[in-house]
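Enquirer: Just so it is clear, I am handing over entry.txt, which has compact mmCIF, C-alpha atoms.
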```txt
# COMPACT_ATOMS: atom_id res chain seq x y z
CA MET I 1 53.96 4.13 0.52
CA GLY I 2 54.10 2.28 3.80
CA VAL I 3 55.44 3.51 7.07
CA GLN I 4 57.57 6.57 6.45
CA VAL I 5 59.51 6.73 9.68
CA SER I 6 63.17 7.54 9.99
CA TRP I 7 64.83 5.78 12.88
CA ASP I 8 67.83 3.58 13.41
CA SER I 9 66.24 0.14 13.36
CA ALA I 10 69.57 -1.45 14.27
CA ALA I 11 69.67 0.47 17.55
CA GLU I 12 67.90 -0.88 20.60
CA GLN I 13 64.62 1.01 20.94
CA PRO I 14 62.52 1.52 24.07
CA PRO I 15 59.57 -0.89 24.30
CA ALA I 16 56.86 1.76 23.83
CA ARG I 17 58.54 3.05 20.67
CA ARG I 18 58.83 -0.49 19.29
CA ALA I 19 55.14 -1.09 20.03
CA ALA I 20 54.09 2.20 18.42
CA PHE I 21 56.04 1.50 15.25
CA ALA I 22 54.71 -2.08 15.14
CA SER I 23 51.20 -0.64 15.42
CA MET I 24 51.84 1.72 12.49
CA THR I 25 53.30 -1.12 10.44
CA ALA I 26 50.32 -3.41 11.06
CA ALA I 27 47.83 -0.63 10.26
CA THR I 28 49.67 0.19 7.05
CA ALA I 29 49.62 -3.49 6.06
CA GLY I 30 45.90 -3.73 6.84
CA ASP I 31 46.68 -6.62 9.19
CA LYS I 32 43.99 -6.44 11.85
CA ASP I 33 45.08 -9.66 13.60
CA ALA I 34 48.70 -8.50 13.92
CA TRP I 35 47.52 -5.10 15.14
CA LEU I 36 45.16 -6.57 17.75
CA ALA I 37 47.91 -8.90 18.98
CA LEU I 38 49.95 -5.84 19.99
CA PHE I 39 47.40 -4.87 22.65
CA ALA I 40 47.03 -6.19 26.18
CA PRO I 41 43.67 -7.91 26.81
CA ASP I 42 42.60 -4.93 28.95
CA GLY I 43 44.12 -2.30 26.65
CA VAL I 44 42.45 1.03 25.90
CA ILE I 45 42.47 3.27 22.84
CA GLU I 46 41.49 6.94 23.01
CA ASP I 47 41.76 8.20 19.45
CA PRO I 48 41.20 11.08 19.66
CA VAL I 49 41.22 11.76 23.39
CA GLY I 50 37.79 12.99 24.49
CA PRO I 51 34.41 12.84 22.80
CA SER I 52 34.43 12.45 19.03
CA MET I 53 32.53 10.87 16.15
CA PHE I 54 34.37 7.63 17.02
CA ASP I 55 33.60 7.75 20.76
CA ALA I 56 30.59 9.89 21.72
CA GLU I 57 31.23 9.61 25.46
CA GLY I 58 34.99 10.10 25.19
CA LYS I 59 35.76 7.12 27.41
CA GLY I 60 37.86 5.15 24.93
CA HIS I 61 37.62 1.71 23.39
CA HIS I 62 38.32 -0.97 25.99
CA GLY I 63 39.61 -4.52 25.72
CA ARG I 64 40.23 -6.51 22.59
CA GLU I 65 36.54 -6.41 21.64
CA GLY I 66 36.41 -2.61 21.88
CA ILE I 67 39.76 -2.23 20.12
CA SER I 68 38.59 -4.58 17.36
CA ALA I 69 35.44 -2.47 16.92
CA PHE I 70 37.64 0.66 16.74
CA TRP I 71 39.59 -0.95 13.87
CA ASP I 72 36.36 -1.73 12.03
CA LEU I 73 35.08 1.81 12.53
CA THR I 74 38.25 3.67 11.58
CA ILE I 75 41.27 1.80 10.23
CA ALA I 76 39.35 -0.65 8.03
CA ASN I 77 37.94 2.26 6.00
CA VAL I 78 41.34 3.63 5.01
CA GLU I 79 42.79 2.49 1.68
CA ARG I 80 46.35 3.52 2.58
CA PHE I 81 48.20 5.17 5.44
CA GLU I 82 51.29 7.34 5.44
CA PHE I 83 52.88 7.94 8.84
CA VAL I 84 55.44 10.73 9.14
CA ILE I 85 56.81 10.83 12.67
CA ARG I 86 58.80 14.02 13.18
CA ASP I 87 59.84 13.31 16.74
CA SER I 88 59.59 10.52 19.28
CA HIS I 89 60.18 10.74 23.02
CA ALA I 90 60.35 7.62 25.16
CA ALA I 91 60.30 7.68 28.96
CA GLY I 92 59.75 4.69 31.18
CA ALA I 93 56.96 2.51 29.82
CA GLU I 94 55.59 5.27 27.56
CA GLY I 95 56.43 6.93 24.30
CA ALA I 96 55.03 10.03 22.62
CA ASN I 97 55.29 10.39 18.87
CA ALA I 98 54.63 13.71 17.16
CA GLY I 99 53.75 13.59 13.50
CA THR I 100 51.22 13.45 10.72
CA ILE I 101 49.09 10.56 9.62
CA THR I 102 47.80 10.87 6.07
CA LYS I 103 44.79 8.71 5.34
CA HIS I 104 43.93 7.84 1.74
CA LEU I 105 40.19 7.26 1.67
CA PRO I 106 37.82 5.81 -0.93
CA GLY I 107 36.98 8.13 -3.80
CA GLY I 108 40.45 9.67 -3.95
CA TYR I 109 40.15 11.70 -0.75
CA ARG I 110 42.96 12.38 1.68
CA VAL I 111 42.96 13.68 5.23
CA ASP I 112 46.02 14.71 7.26
CA THR I 113 45.96 14.32 11.01
CA ASP I 114 48.65 16.18 12.93
CA GLY I 115 48.99 15.01 16.49
CA VAL I 116 50.83 13.48 19.38
CA PHE I 117 50.31 9.76 19.77
CA VAL I 118 51.14 8.35 23.22
CA TYR I 119 51.66 4.63 23.83
CA ARG I 120 52.05 2.88 27.18
CA VAL I 121 53.21 -0.73 27.36
CA ALA I 122 53.24 -3.41 30.03
CA GLU I 123 56.39 -5.30 31.01
CA ASP I 124 55.60 -7.88 28.32
CA GLY I 125 55.66 -5.12 25.67
CA LEU I 126 51.92 -5.23 24.95
CA ILE I 127 50.15 -1.91 24.55
CA THR I 128 48.01 -1.06 27.58
CA SER I 129 47.06 2.42 26.38
CA MET I 130 47.17 4.41 23.16
CA ARG I 131 46.06 8.03 23.45
CA ALA I 132 45.96 10.20 20.35
CA PHE I 133 45.90 13.96 20.80
CA TRP I 134 44.56 15.58 17.65
CA GLU I 135 41.79 17.97 16.71
CA VAL I 136 38.96 16.68 14.55
CA GLU I 137 38.22 20.09 13.03
CA ARG I 138 41.86 20.62 12.02
CA ALA I 139 42.04 17.19 10.41
CA MET I 140 38.74 17.63 8.56
CA ALA I 141 39.93 20.99 7.23
CA THR I 142 42.66 19.11 5.30
CA ALA I 143 40.19 16.82 3.49
CA ARG I 144 40.77 17.03 -0.24
CA LYS I 145 40.21 15.03 -3.37
CA VAL I 146 43.47 14.08 -5.05
CA GLU I 147 43.87 12.64 -8.53
CA GLU I 148 46.48 9.90 -8.43
```
Could you take the file, read its structure, and then write that structure out as structure tokens?

Expert:
Amino acid sequence: MGVQVSWDSAAEQPPARRAAFASMTAATAGDKDAWLALFAPDGVIEDPVGPSMFDAEGKGHHGREGISAFWDLTIANVERFEFVIRDSHAAGAEGANAGTITKHLPGGYRVDTDGVFVYRVAEDGLITSMRAFWEVERAMATARKVEE
């Protein structure tokens, strides 16, 4: 349960990696306020990048109001998250994390989303952009009912 990420938390981490892992931690805890506080007032989420069932026009969710609505549409419906980050690359103000997010949904269903999740932060460490590269069809193909 919880965030399943292996990294040396005692080592100094680049700001974008810290922000990404804080985002995963807040989502796992179901703490919308803590999660929203990680974003700059003019932040943008594209999850997934391009048009999808979460963003018909593919233009992203903008500002705290848009990001809050994204939470309500997506994260709030998940009973539990498991994040497995297999690799993380930080450069400048950005970080790209490759891994799998397993979402435990109502009714005993699970969906695995493999992707690359790119965070950009401002000098103050707040997230200005989160872009998630994953394929809806691939994720939906993993949907399964699991008896716990």

Enquirer: Please identify all polymer residues within 12 Å of Ala26 in chain I, counting all atoms listed in the file, omitting same-chain residues fewer than 4 positions from it, and present them as JSON, numbers by chain.

Expert: {"I": [2, 3, 19, 20, 21, 22, 30, 31, 32, 33, 34, 35, 36, 37, 38, 71, 75, 76, 80, 81, 83]}

Enquirer: Provide the CA of Ala69 in chain I to CA of Thr102 in chain I distance in Å, to one decimal place.

Expert: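 Separation between CA of Ala69 in chain I and CA of Thr102 in chain I: 21.2 Å.
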
Enquirer: Interatomic distance between CA of Val78 in chain I and CA of Pro106 in chain I?

Expert: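 One can read the CA of Val78 in chain I to CA of Pro106 in chain I distance as 7.2 Å.
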
Enquirer: Quote the spacing between CA of Ala96 in chain I and CA of Ser129 in chain I in Å to one decimal place.

Expert: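 The value is 11.6 Å.
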
Enquirer: Would you please work out which residue, of I:Phe70, I:Ala141, I:Thr28, I:Pro15, is nearest to Glu46 in chain I when using all atoms listed in the file?

Expert: I:Phe70

Enquirer: Name all residues at most 10 Å from range 51-62 of chain I (count only C-alpha atoms; drop same-chain ones fewer than 2 positions away) and give them as a ChimeraX atom specification.

Expert: /I:41-49,64-70,73-74,128-131,135-136

Enquirer: Rank I:Arg110, I:Lys103, I:Arg138, I:Arg120 by their smallest atom-to-atom distance to Ala90 in chain I, using all atoms listed in the file, and report the top residue only.

Expert: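 Of the candidates, the smallest distance to Ala90 in chain I is held by I:Arg120.
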
Enquirer: Counting only C-alpha atoms, which of I:Tyr109, I:Trp134, I:Phe117, I:Phe39 gets nearest to Asn97 in chain I?

Expert: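 Nearest candidate to Asn97 in chain I out of I:Tyr109, I:Trp134, I:Phe117, I:Phe39: I:Phe117.
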
Enquirer: Restricting the calculation to all atoms listed in the file: of I:Met24, I:Ala29, I:His104, I:Gly63, which residue gets closest to Asn77 in chain I?

Expert: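 Residue with the minimum atom-to-atom distance to Asn77 in chain I: I:His104.
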